[in-house]
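Structure data (compact mmCIF, C-alpha atoms) from run28.txt:
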# COMPACT_ATOMS: atom_id res chain seq x y z
CA MET A 1 -94.15 8.16 -73.12
CA LYS A 2 -93.96 10.03 -69.83
CA PHE A 3 -97.60 9.13 -69.11
CA ASN A 4 -96.86 5.40 -69.41
CA LYS A 5 -93.96 5.71 -66.99
CA LEU A 6 -96.24 7.47 -64.47
CA VAL A 7 -98.82 4.69 -64.71
CA LEU A 8 -96.15 2.07 -63.96
CA ILE A 9 -94.94 4.03 -60.95
CA LEU A 10 -98.48 4.36 -59.54
CA ALA A 11 -99.13 0.65 -60.09
CA SER A 12 -95.95 -0.21 -58.20
CA ILE A 13 -97.01 1.96 -55.27
CA VAL A 14 -100.41 0.25 -55.07
CA PHE A 15 -98.78 -3.20 -55.23
CA LEU A 16 -96.36 -2.41 -52.40
CA ALA A 17 -99.21 -1.06 -50.29
CA LEU A 18 -101.12 -4.32 -50.72
CA LEU A 19 -98.09 -6.33 -49.66
CA ALA A 20 -97.76 -4.19 -46.55
CA CYS A 21 -101.39 -4.88 -45.62
CA GLU A 22 -100.95 -8.65 -46.03
CA SER A 23 -97.88 -8.67 -43.79
CA ASP A 24 -99.70 -6.83 -40.98
CA ASN A 25 -100.00 -9.19 -37.92
CA SER A 26 -102.97 -7.35 -36.43
CA ASP A 27 -106.14 -9.45 -35.93
CA GLU A 28 -108.29 -6.44 -36.61
CA VAL A 29 -109.25 -6.00 -40.21
CA THR A 30 -110.00 -2.47 -41.26
CA TYR A 31 -111.21 -1.05 -44.53
CA THR A 32 -109.93 2.23 -45.86
CA GLU A 33 -111.81 4.05 -48.60
CA PRO A 34 -109.43 4.31 -51.56
CA VAL A 35 -108.25 7.82 -52.32
CA ALA A 36 -108.35 8.86 -55.94
CA THR A 37 -104.90 9.84 -57.14
CA ALA A 38 -104.79 12.67 -59.64
CA ILE A 39 -102.69 11.77 -62.66
CA PRO A 40 -101.36 14.91 -64.34
CA ILE A 41 -102.21 15.15 -68.01
CA THR A 42 -101.37 17.74 -70.61
CA SER A 43 -104.04 20.19 -71.68
CA ASP A 44 -103.95 18.63 -75.16
CA GLU A 45 -105.60 15.53 -73.64
CA LEU A 46 -108.55 17.60 -72.47
CA ASP A 47 -111.44 18.83 -74.57
CA PRO A 48 -110.08 21.73 -76.65
CA SER A 49 -111.73 25.11 -76.89
CA SER A 50 -114.07 25.82 -79.81
CA GLU A 51 -111.43 28.21 -81.19
CA ILE A 52 -108.83 25.46 -81.31
CA LYS A 53 -111.27 23.01 -82.93
CA GLU A 54 -112.19 25.56 -85.56
CA ALA A 55 -108.53 26.34 -86.27
CA LEU A 56 -107.61 22.66 -86.62
CA SER A 57 -110.52 22.11 -89.00
CA LYS A 58 -108.85 24.53 -91.45
CA VAL A 59 -105.65 22.47 -91.60
CA GLY A 60 -106.17 20.04 -94.44
CA ASN A 61 -103.38 17.72 -93.30
CA ILE A 62 -105.19 16.83 -90.07
CA ILE A 63 -107.48 13.84 -90.67
CA ASP A 64 -109.72 14.26 -87.60
CA PRO A 65 -109.52 17.77 -86.11
CA ASP A 66 -111.76 16.71 -83.20
CA ASN A 67 -109.24 14.12 -82.08
CA ILE A 68 -106.67 15.57 -79.70
CA SER A 69 -105.91 12.33 -77.89
CA TRP A 70 -103.15 10.00 -79.03
CA PRO A 71 -102.57 8.59 -81.55
CA ARG A 72 -103.15 11.42 -84.04
CA ASN A 73 -103.42 10.88 -87.78
CA ILE A 74 -102.19 13.29 -90.44
CA THR A 75 -101.55 13.21 -94.17
CA VAL A 76 -98.43 14.45 -95.91
CA SER A 77 -98.08 14.29 -99.70
CA GLY A 78 -101.04 11.91 -99.83
CA ASN A 79 -99.56 9.50 -97.29
CA GLU A 80 -101.20 8.89 -93.92
CA ILE A 81 -98.90 9.18 -90.92
CA VAL A 82 -99.75 8.09 -87.38
CA ILE A 83 -98.29 10.03 -84.44
CA GLU A 84 -98.51 7.42 -81.69
CA GLU A 85 -97.82 9.74 -78.74
CA ARG A 86 -96.51 13.16 -77.87
CA PRO A 87 -92.88 13.26 -79.04
CA ASP A 88 -90.23 13.91 -76.41
CA ASN A 89 -87.47 14.88 -78.84
CA VAL A 90 -88.12 17.08 -81.87
CA LEU A 91 -85.92 18.95 -84.31
CA THR A 92 -86.10 20.40 -87.80
CA ILE A 93 -83.75 20.71 -90.76
CA SER A 94 -85.41 23.90 -92.02
CA LEU A 95 -85.02 27.40 -90.57
CA GLY A 96 -88.69 28.24 -91.15
CA HIS A 97 -89.75 25.13 -89.25
CA ASP A 98 -87.23 26.02 -86.54
CA GLU A 99 -88.85 29.43 -86.07
CA ILE A 100 -92.34 27.96 -85.81
CA LEU A 101 -91.21 25.23 -83.42
CA PHE A 102 -89.64 27.76 -81.05
CA GLY A 103 -92.91 29.69 -81.08
CA ILE A 104 -94.83 26.72 -79.67
CA SER A 105 -92.21 24.76 -77.72
CA ASP A 106 -88.85 25.06 -75.95
CA ASP A 107 -85.62 23.17 -75.36
CA SER A 108 -87.35 20.69 -73.07
CA GLN A 109 -88.69 19.19 -76.31
CA ILE A 110 -86.44 20.70 -79.00
CA VAL A 111 -83.15 18.78 -79.03
CA GLY A 112 -81.29 20.67 -81.75
CA THR A 113 -81.50 23.36 -84.42
CA THR A 114 -80.17 24.19 -87.85
CA ILE A 115 -76.92 26.14 -87.89
CA PHE A 116 -78.83 29.09 -89.40
CA ALA A 117 -81.00 29.40 -86.28
CA GLN A 118 -77.96 30.33 -84.21
CA GLU A 119 -76.23 32.65 -86.67
CA GLU A 120 -75.87 36.36 -85.95
CA GLY A 121 -79.09 38.17 -86.81
CA SER A 122 -81.26 35.05 -86.62
CA ASN A 123 -84.81 35.67 -85.42
CA ILE A 124 -84.41 32.90 -82.83
CA LYS A 125 -80.71 33.20 -81.99
CA ASN A 126 -81.33 33.86 -78.29
CA LYS A 127 -83.96 31.13 -77.96
CA SER A 128 -81.81 28.50 -79.63
CA TYR A 129 -78.53 29.47 -78.00
CA GLY A 130 -76.63 26.54 -76.52
CA LEU A 131 -78.54 23.76 -78.28
CA PRO A 132 -76.68 21.30 -80.52
CA THR A 133 -76.70 22.24 -84.20
CA ILE A 134 -77.28 19.83 -87.03
CA THR A 135 -76.00 19.68 -90.60
CA THR A 136 -76.84 17.65 -93.69
CA ASP A 137 -74.71 14.87 -92.21
CA PRO A 138 -77.23 12.24 -90.95
CA GLU A 139 -74.96 11.42 -88.01
CA SER A 140 -75.42 14.93 -86.55
CA ILE A 141 -79.16 14.23 -86.42
CA ILE A 142 -79.08 10.59 -85.36
CA THR A 143 -76.95 11.29 -82.29
CA LEU A 144 -79.71 13.56 -80.93
CA ASP A 145 -82.19 10.65 -81.00
CA PRO A 146 -85.21 12.62 -82.32
CA ASP A 147 -88.70 11.13 -82.34
CA ILE A 148 -89.75 13.48 -85.15
CA VAL A 149 -87.82 15.55 -87.69
CA PHE A 150 -89.53 18.32 -89.67
CA ALA A 151 -88.17 19.02 -93.16
CA ASP A 152 -89.08 21.19 -96.14
CA PRO A 153 -89.58 19.80 -99.68
CA TYR A 154 -86.05 20.82 -100.67
CA ALA A 155 -84.32 18.56 -98.16
CA SER A 156 -81.91 15.98 -99.56
CA VAL A 157 -83.65 12.78 -100.65
CA GLU A 158 -80.66 10.77 -99.42
CA LEU A 159 -80.88 12.39 -95.98
CA ILE A 160 -84.63 11.76 -95.70
CA ASP A 161 -84.22 8.13 -96.80
CA THR A 162 -81.39 7.55 -94.32
CA LEU A 163 -83.39 8.91 -91.39
CA THR A 164 -86.50 6.99 -92.41
CA ASP A 165 -84.57 3.73 -92.76
CA LEU A 166 -83.35 4.21 -89.19
CA GLY A 167 -86.93 4.46 -87.93
CA ILE A 168 -86.98 8.24 -87.43
CA LEU A 169 -90.30 9.81 -88.41
CA VAL A 170 -89.65 12.56 -90.94
CA ILE A 171 -92.49 14.97 -91.70
CA GLN A 172 -91.62 16.74 -94.93
CA THR A 173 -93.99 19.59 -95.63
CA PRO A 174 -93.86 22.99 -97.35
CA LEU A 175 -94.42 26.27 -95.53
CA ASN A 176 -96.94 28.84 -96.72
CA ASN A 177 -96.42 32.41 -97.90
CA ASP A 178 -99.69 34.06 -96.89
CA ILE A 179 -100.84 34.93 -93.37
CA SER A 180 -103.66 32.37 -93.14
CA GLY A 181 -101.30 29.69 -94.40
CA ARG A 182 -98.67 30.76 -91.87
CA LYS A 183 -101.18 30.26 -89.06
CA ASN A 184 -102.12 26.83 -90.42
CA ASP A 185 -98.42 25.90 -90.34
CA VAL A 186 -98.34 26.80 -86.64
CA TRP A 187 -101.44 24.72 -85.86
CA PHE A 188 -100.18 21.75 -87.88
CA MET A 189 -96.83 21.59 -86.07
CA ALA A 190 -98.55 22.16 -82.72
CA TYR A 191 -100.95 19.29 -83.39
CA ILE A 192 -98.06 16.97 -84.20
CA THR A 193 -95.92 18.01 -81.23
CA GLY A 194 -98.75 18.26 -78.67
CA ASN A 195 -98.51 22.01 -78.06
CA LEU A 196 -102.00 23.32 -78.87
CA ASP A 197 -102.27 25.71 -75.91
CA GLN A 198 -98.94 27.31 -76.81
CA ALA A 199 -100.07 27.60 -80.42
CA GLN A 200 -103.25 29.37 -79.37
CA THR A 201 -101.21 31.91 -77.39
CA LEU A 202 -98.91 32.49 -80.36
CA ILE A 203 -101.82 32.85 -82.81
CA GLU A 204 -103.47 35.40 -80.54
CA ASP A 205 -100.24 37.41 -80.57
CA ILE A 206 -100.06 37.15 -84.37
CA ASP A 207 -103.68 38.29 -84.73
CA ASN A 208 -103.14 41.21 -82.36
CA LYS A 209 -100.13 42.38 -84.38
CA ILE A 210 -102.04 42.04 -87.64
CA ASN A 211 -104.91 44.11 -86.20
CA VAL A 212 -102.49 46.85 -85.18
CA LEU A 213 -101.02 46.93 -88.69
CA SER A 214 -104.47 46.85 -90.29
CA ASP A 215 -105.52 49.97 -88.42
CA ILE A 216 -102.45 51.80 -89.69
CA THR A 217 -102.78 50.66 -93.30
CA GLU A 218 -105.97 52.71 -93.64
CA ASN A 219 -103.58 55.66 -93.99
CA ASN A 220 -103.24 56.53 -97.69
CA ASN A 221 -99.59 57.41 -97.15
CA VAL A 222 -98.71 53.70 -97.14
CA LYS A 223 -100.14 53.19 -100.65
CA LYS A 224 -96.74 53.53 -102.29
CA LYS A 225 -95.35 51.51 -105.18
CA ILE A 226 -92.81 49.16 -103.63
CA LEU A 227 -90.21 46.99 -105.34
CA THR A 228 -88.00 44.48 -103.53
CA LEU A 229 -84.63 44.07 -105.14
CA SER A 230 -81.43 42.04 -104.74
CA TRP A 231 -78.47 41.25 -106.95
CA TRP A 232 -77.17 37.76 -107.71
CA ASP A 233 -75.56 38.12 -111.16
CA SER A 234 -78.80 39.82 -112.17
CA TYR A 235 -81.63 41.89 -110.70
CA TRP A 236 -83.98 39.74 -108.63
CA THR A 237 -87.41 40.84 -107.52
CA ALA A 238 -90.53 39.26 -105.97
CA GLY A 239 -93.99 39.18 -107.53
CA THR A 240 -97.33 37.53 -106.89
CA GLY A 241 -97.19 34.51 -104.61
CA SER A 242 -93.85 35.38 -103.04
CA THR A 243 -93.11 35.90 -99.38
CA GLU A 244 -92.16 39.52 -100.08
CA ASP A 245 -95.48 40.10 -101.83
CA SER A 246 -97.44 38.94 -98.76
CA ILE A 247 -95.41 41.29 -96.54
CA ILE A 248 -96.01 44.29 -98.79
CA ASN A 249 -99.73 43.53 -98.92
CA LEU A 250 -99.89 43.17 -95.15
CA ALA A 251 -98.36 46.63 -94.82
CA GLY A 252 -101.04 48.02 -97.14
CA ALA A 253 -98.58 49.06 -99.85
CA ILE A 254 -98.50 48.14 -103.55
CA ASN A 255 -96.10 45.55 -104.93
CA ILE A 256 -95.26 47.09 -108.29
CA ALA A 257 -93.76 43.79 -109.46
CA SER A 258 -97.11 42.05 -108.99
CA GLU A 259 -98.85 44.95 -110.73
CA ASN A 260 -96.61 44.25 -113.73
CA GLY A 261 -97.52 40.58 -113.93
CA ILE A 262 -94.37 39.24 -112.29
CA GLU A 263 -94.86 36.00 -110.36
CA SER A 264 -92.83 34.54 -107.50
CA ASN A 265 -89.10 35.32 -107.19
CA THR A 266 -87.47 35.91 -110.54
CA THR A 267 -84.96 37.98 -112.48
CA ILE A 268 -85.71 41.18 -114.39
CA ASP A 269 -83.59 43.19 -116.78
CA LYS A 270 -82.63 46.82 -116.35
CA GLU A 271 -85.24 48.00 -118.84
CA LYS A 272 -88.00 46.36 -116.82
CA LEU A 273 -86.67 47.90 -113.62
CA ILE A 274 -86.71 51.37 -115.16
CA SER A 275 -90.17 50.92 -116.72
CA MET A 276 -91.76 49.85 -113.41
CA ASN A 277 -90.43 53.06 -111.83
CA PRO A 278 -90.97 52.14 -108.14
CA GLU A 279 -91.42 54.88 -105.56
CA ILE A 280 -89.65 52.79 -102.90
CA ILE A 281 -86.93 50.16 -103.42
CA LEU A 282 -86.27 47.67 -100.64
CA ILE A 283 -83.00 45.77 -100.77
CA THR A 284 -83.65 42.38 -99.17
CA GLN A 285 -80.04 41.26 -99.51
CA SER A 286 -77.98 41.19 -96.32
CA VAL A 287 -74.93 43.42 -95.93
CA ALA A 288 -72.82 40.30 -95.40
CA TRP A 289 -73.91 39.05 -98.82
CA GLY A 290 -73.33 42.31 -100.68
CA GLY A 291 -76.43 44.32 -99.83
CA GLN A 292 -74.57 47.54 -99.06
CA ASP A 293 -72.47 47.22 -102.23
CA PHE A 294 -75.63 46.76 -104.28
CA TYR A 295 -77.21 49.78 -102.59
CA ASP A 296 -74.22 51.94 -103.52
CA GLN A 297 -74.18 50.64 -107.09
CA LEU A 298 -77.81 51.61 -107.66
CA PHE A 299 -76.92 55.26 -107.04
CA LEU A 300 -73.69 55.11 -109.05
CA ASP A 301 -75.46 53.74 -112.15
CA THR A 302 -76.54 56.93 -113.98
CA SER A 303 -78.83 54.93 -116.27
CA LEU A 304 -81.10 54.34 -113.24
CA SER A 305 -81.25 57.96 -112.10
CA SER A 306 -84.73 58.52 -113.56
CA ILE A 307 -86.31 55.94 -111.22
CA GLU A 308 -88.39 57.74 -108.55
CA ALA A 309 -86.97 55.72 -105.66
CA ILE A 310 -83.38 56.47 -106.66
CA LYS A 311 -84.04 60.09 -107.64
CA ASN A 312 -85.61 60.74 -104.21
CA SER A 313 -83.18 58.54 -102.23
CA ASN A 314 -85.97 56.21 -101.19
CA VAL A 315 -83.88 53.05 -101.28
CA PHE A 316 -83.68 51.08 -98.02
CA LEU A 317 -81.80 48.06 -96.73
CA VAL A 318 -84.30 45.88 -94.85
CA ASN A 319 -83.84 42.96 -92.49
CA PRO A 320 -83.49 39.84 -94.71
CA ASN A 321 -84.40 37.60 -91.75
CA TRP A 322 -87.88 39.13 -91.77
CA TRP A 323 -88.30 39.39 -95.54
CA GLY A 324 -86.95 36.02 -96.62
CA THR A 325 -87.99 33.61 -93.89
CA LEU A 326 -90.94 31.23 -94.20
CA SER A 327 -92.67 31.82 -90.89
CA TYR A 328 -94.87 34.28 -89.00
CA TRP A 329 -91.74 36.42 -88.42
CA ASN A 330 -92.64 38.03 -91.77
CA ILE A 331 -95.04 40.23 -89.78
CA MET A 332 -91.98 42.08 -88.51
CA GLY A 333 -91.12 42.86 -92.13
CA ALA A 334 -94.53 44.50 -92.60
CA LYS A 335 -93.93 46.55 -89.45
CA GLN A 336 -90.53 47.63 -90.81
CA LEU A 337 -92.09 48.72 -94.10
CA ILE A 338 -94.74 50.79 -92.34
CA GLU A 339 -92.00 52.48 -90.32
CA ILE A 340 -90.30 53.38 -93.60
CA LEU A 341 -93.50 54.72 -95.16
CA LEU A 342 -94.84 56.70 -92.18
CA PRO A 343 -92.88 59.18 -90.05
CA ASP A 344 -94.53 58.20 -86.75
CA PRO A 345 -96.62 55.02 -86.99
CA GLU A 346 -96.84 54.60 -83.18
CA LEU A 347 -95.56 51.03 -83.07
CA ASP A 348 -93.41 51.30 -79.95
CA ASP A 349 -95.50 48.71 -78.11
CA PHE A 350 -95.66 46.31 -81.07
CA GLY A 351 -93.11 43.94 -79.53
CA GLY A 352 -91.48 40.89 -81.06
CA PHE A 353 -92.12 37.17 -80.83
As structure tokens, please, write out the structure in this file.
Amino acid sequence: MKFNKLVLILASIVFLALLACESDNSDEVTYTEPVATAIPITSDELDPSSEIKEALSKVGNIIDPDNISWPRNITVSGNEIVIEERPDNVLTISLGHDEILFGISDDSQIVGTTIFAQEEGSNIKNKSYGLPTITTDPESIITLDPDIVFADPYASVELIDTLTDLGILVIQTPLNNDISGRKNDVWFMAYITGNLDQAQTLIEDIDNKINVLSDITENNNVKKKILTLSWWDSYWTAGTGSTEDSIINLAGAINIASENGIESNTTIDKEKLISMNPEIILITQSVAWGGQDFYDQLFLDTSLSSIEAIKNSNVFLVNPNWWGTLSYWNIMGAKQLIEILLPDPELDDFGGF
């Protein structure tokens, strides 16, 4: 879009220069060697590094990973989508997509955010501050004139259909739970939005943080039996394939729910909770949504007093924005767990995102 405008401007300049030459009354005809004018292009229009090519080749939704010119072709849910040119205006209707987008772009391209992105405690509250917020009302999105809208599979069908009917390109895609999948999510959104260099910088930061954690997880003191717990009319925990499971594994600890055959996020009864006997209980429920009350109740319920975590007061409220989000910010949850498990893990220079 911006490139086309630049070409028109340059063409106009050349045309005016020719007119000036024709109107010159001098009898002497001179020839001036044309000077090549450098047209600025984004780094995504140059040949990418071998690291970027290799990373894009792992993203199954990208049809031709070697193609980083425009248009770019992707597949979503079996349908081929053509991205004609780098989008000027982008937004998402999913907090996880919001977090990824702010890792590879800024408000020169991002025209709005979900309301959750700007709530107190949000991982990207400072980055998204001041931008318009959108709701499930299509009008709140349409007024921002986005070229592309990212959505998760749970978005309203009516909303998606309305935006599509108005000619807005909606890319509806799930976000992954594991680290390699998280990185693929970053590359996929960067490919679509034309931010491959920024993605490479972010991925390098992610890899550096993972390497720091990996060195620490060699310590046997992190090999504790962990159970994540919340209360919504019943005990909820997280087993194999859940976001919480990937965080616990990254920290080098043991997800006792997974060890007991529990899959994804599900409810358990009190008998199951007692039988699993976790050494550490992590409450992933925010204080605003009853986390502190649930914490207190666990210690008041005498029928749970035999559980190791409760008996030894090893129950902790953790940051739900790190443990429940669907983005690379989960790495901060692994860091938090290591800080719980080890007295001095030496993570002062770990930094954020």
A:Ser306, A:Gln172, A:Thr325, A:Thr133 ranked by distance to Ala151 of chain A, top pick (using all atoms listed in the file): A:Gln172
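Atom CA of His97 of chain A is found 24.2 Å from atom CA of Thr237 of chain A.
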Residues within 12 Å of (-101.6, 24.2, -81.6), file coords, all atoms listed in the file, listed as number ranges by chain: A: 43-44, 48-49, 51-57, 59, 62, 65, 68, 100-101, 103-105, 183-204
Residue nearest Ile262 of chain A - candidates A:Leu298, A:Leu304, A:Val222, A:Met276, atoms counted: only C-alpha atoms: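 That would be A:Met276, the residue with the smallest distance to Ile262 of chain A.
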Nearest to Leu250 of chain A by atom-to-atom distance, counting all atoms listed in the file, from A:Gly130, A:Gly333, A:Pro146, A:Gly181: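 Ranked by minimum distance to Leu250 of chain A, first place goes to A:Gly333.
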d(atom CA of Thr92 of chain A, atom CA of Ile110 of chain A) in Å: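 Result for atom CA of Thr92 of chain A versus atom CA of Ile110 of chain A: 8.8 Å, one decimal.
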A:Ile280, A:Val90, A:Leu347, A:Leu169 ranked by distance to Lys223 of chain A, top pick (using all atoms listed in the file):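 Checking each candidate against Lys223 of chain A, we get A:Ile280 as the closest.
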Answer as a list in words, residues within 10 Å of (-87.7, 38.7, -86.8) using all atoms listed in the file: Glu99, Gly121, Ser122, Asn123, Ile124, Asn319, Pro320, Asn321, Trp322, Trp323, Thr325, Ser327, Tyr328, Trp329, Asn330, Ile331, Met332, Gly333, Gly352 and Phe353 of chain A
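Atom pair atom CA of Ile171 of chain A / atom CA of Ile206 of chain A has a distance of 24.6 Å (rounded to one decimal).
The closest residue to Asn176 of chain A, picked from A:Thr266, A:Asp344, A:Ser305, A:Thr243 and counting only C-alpha atoms, is A:Thr243.
The nearest approach to Ala253 of chain A among the residues A:Leu317, A:Ala238, A:Ile338, A:Leu282, with all atoms listed in the file taken into account, belongs to A:Ile338.
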Val212 of chain A surroundings by all atoms listed in the file, 10 Å radius, close-in-sequence under 6 positions cut, as a PyMOL selection string: chain A and resi 335+346-347+350
Tell me which protein, DNA and RNA residues are within 12 Å of Leu273 of chain A, counting only C-alpha atoms, leaving out same-chain ones fewer than 3 positions away, and put them as a PDB file with C-alpha atoms, in the frame of the given file.
ATOM      1  CA  ILE A 226     -92.810  49.160-103.630  1.00  0.00           C
ATOM      2  CA  LEU A 227     -90.210  46.990-105.340  1.00  0.00           C
ATOM      3  CA  THR A 228     -88.000  44.480-103.530  1.00  0.00           C
ATOM      4  CA  LEU A 229     -84.630  44.070-105.140  1.00  0.00           C
ATOM      5  CA  SER A 230     -81.430  42.040-104.740  1.00  0.00           C
ATOM      6  CA  SER A 234     -78.800  39.820-112.170  1.00  0.00           C
ATOM      7  CA  TYR A 235     -81.630  41.890-110.700  1.00  0.00           C
ATOM      8  CA  TRP A 236     -83.980  39.740-108.630  1.00  0.00           C
ATOM      9  CA  THR A 237     -87.410  40.840-107.520  1.00  0.00           C
ATOM     10  CA  ILE A 256     -95.260  47.090-108.290  1.00  0.00           C
ATOM     11  CA  ALA A 257     -93.760  43.790-109.460  1.00  0.00           C
ATOM     12  CA  ASN A 260     -96.610  44.250-113.730  1.00  0.00           C
ATOM     13  CA  ILE A 262     -94.370  39.240-112.290  1.00  0.00           C
ATOM     14  CA  THR A 267     -84.960  37.980-112.480  1.00  0.00           C
ATOM     15  CA  ILE A 268     -85.710  41.180-114.390  1.00  0.00           C
ATOM     16  CA  ASP A 269     -83.590  43.190-116.780  1.00  0.00           C
ATOM     17  CA  LYS A 270     -82.630  46.820-116.350  1.00  0.00           C
ATOM     18  CA  MET A 276     -91.760  49.850-113.410  1.00  0.00           C
ATOM     19  CA  ASN A 277     -90.430  53.060-111.830  1.00  0.00           C
ATOM     20  CA  PRO A 278     -90.970  52.140-108.140  1.00  0.00           C
ATOM     21  CA  GLU A 279     -91.420  54.880-105.560  1.00  0.00           C
ATOM     22  CA  ILE A 281     -86.930  50.160-103.420  1.00  0.00           C
ATOM     23  CA  LEU A 298     -77.810  51.610-107.660  1.00  0.00           C
ATOM     24  CA  SER A 303     -78.830  54.930-116.270  1.00  0.00           C
ATOM     25  CA  LEU A 304     -81.100  54.340-113.240  1.00  0.00           C
ATOM     26  CA  SER A 305     -81.250  57.960-112.100  1.00  0.00           C
ATOM     27  CA  SER A 306     -84.730  58.520-113.560  1.00  0.00           C
ATOM     28  CA  ILE A 307     -86.310  55.940-111.220  1.00  0.00           C
ATOM     29  CA  GLU A 308     -88.390  57.740-108.550  1.00  0.00           C
ATOM     30  CA  ALA A 309     -86.970  55.720-105.660  1.00  0.00           C
ATOM     31  CA  ILE A 310     -83.380  56.470-106.660  1.00  0.00           C
TER      32      ILE A 310
END
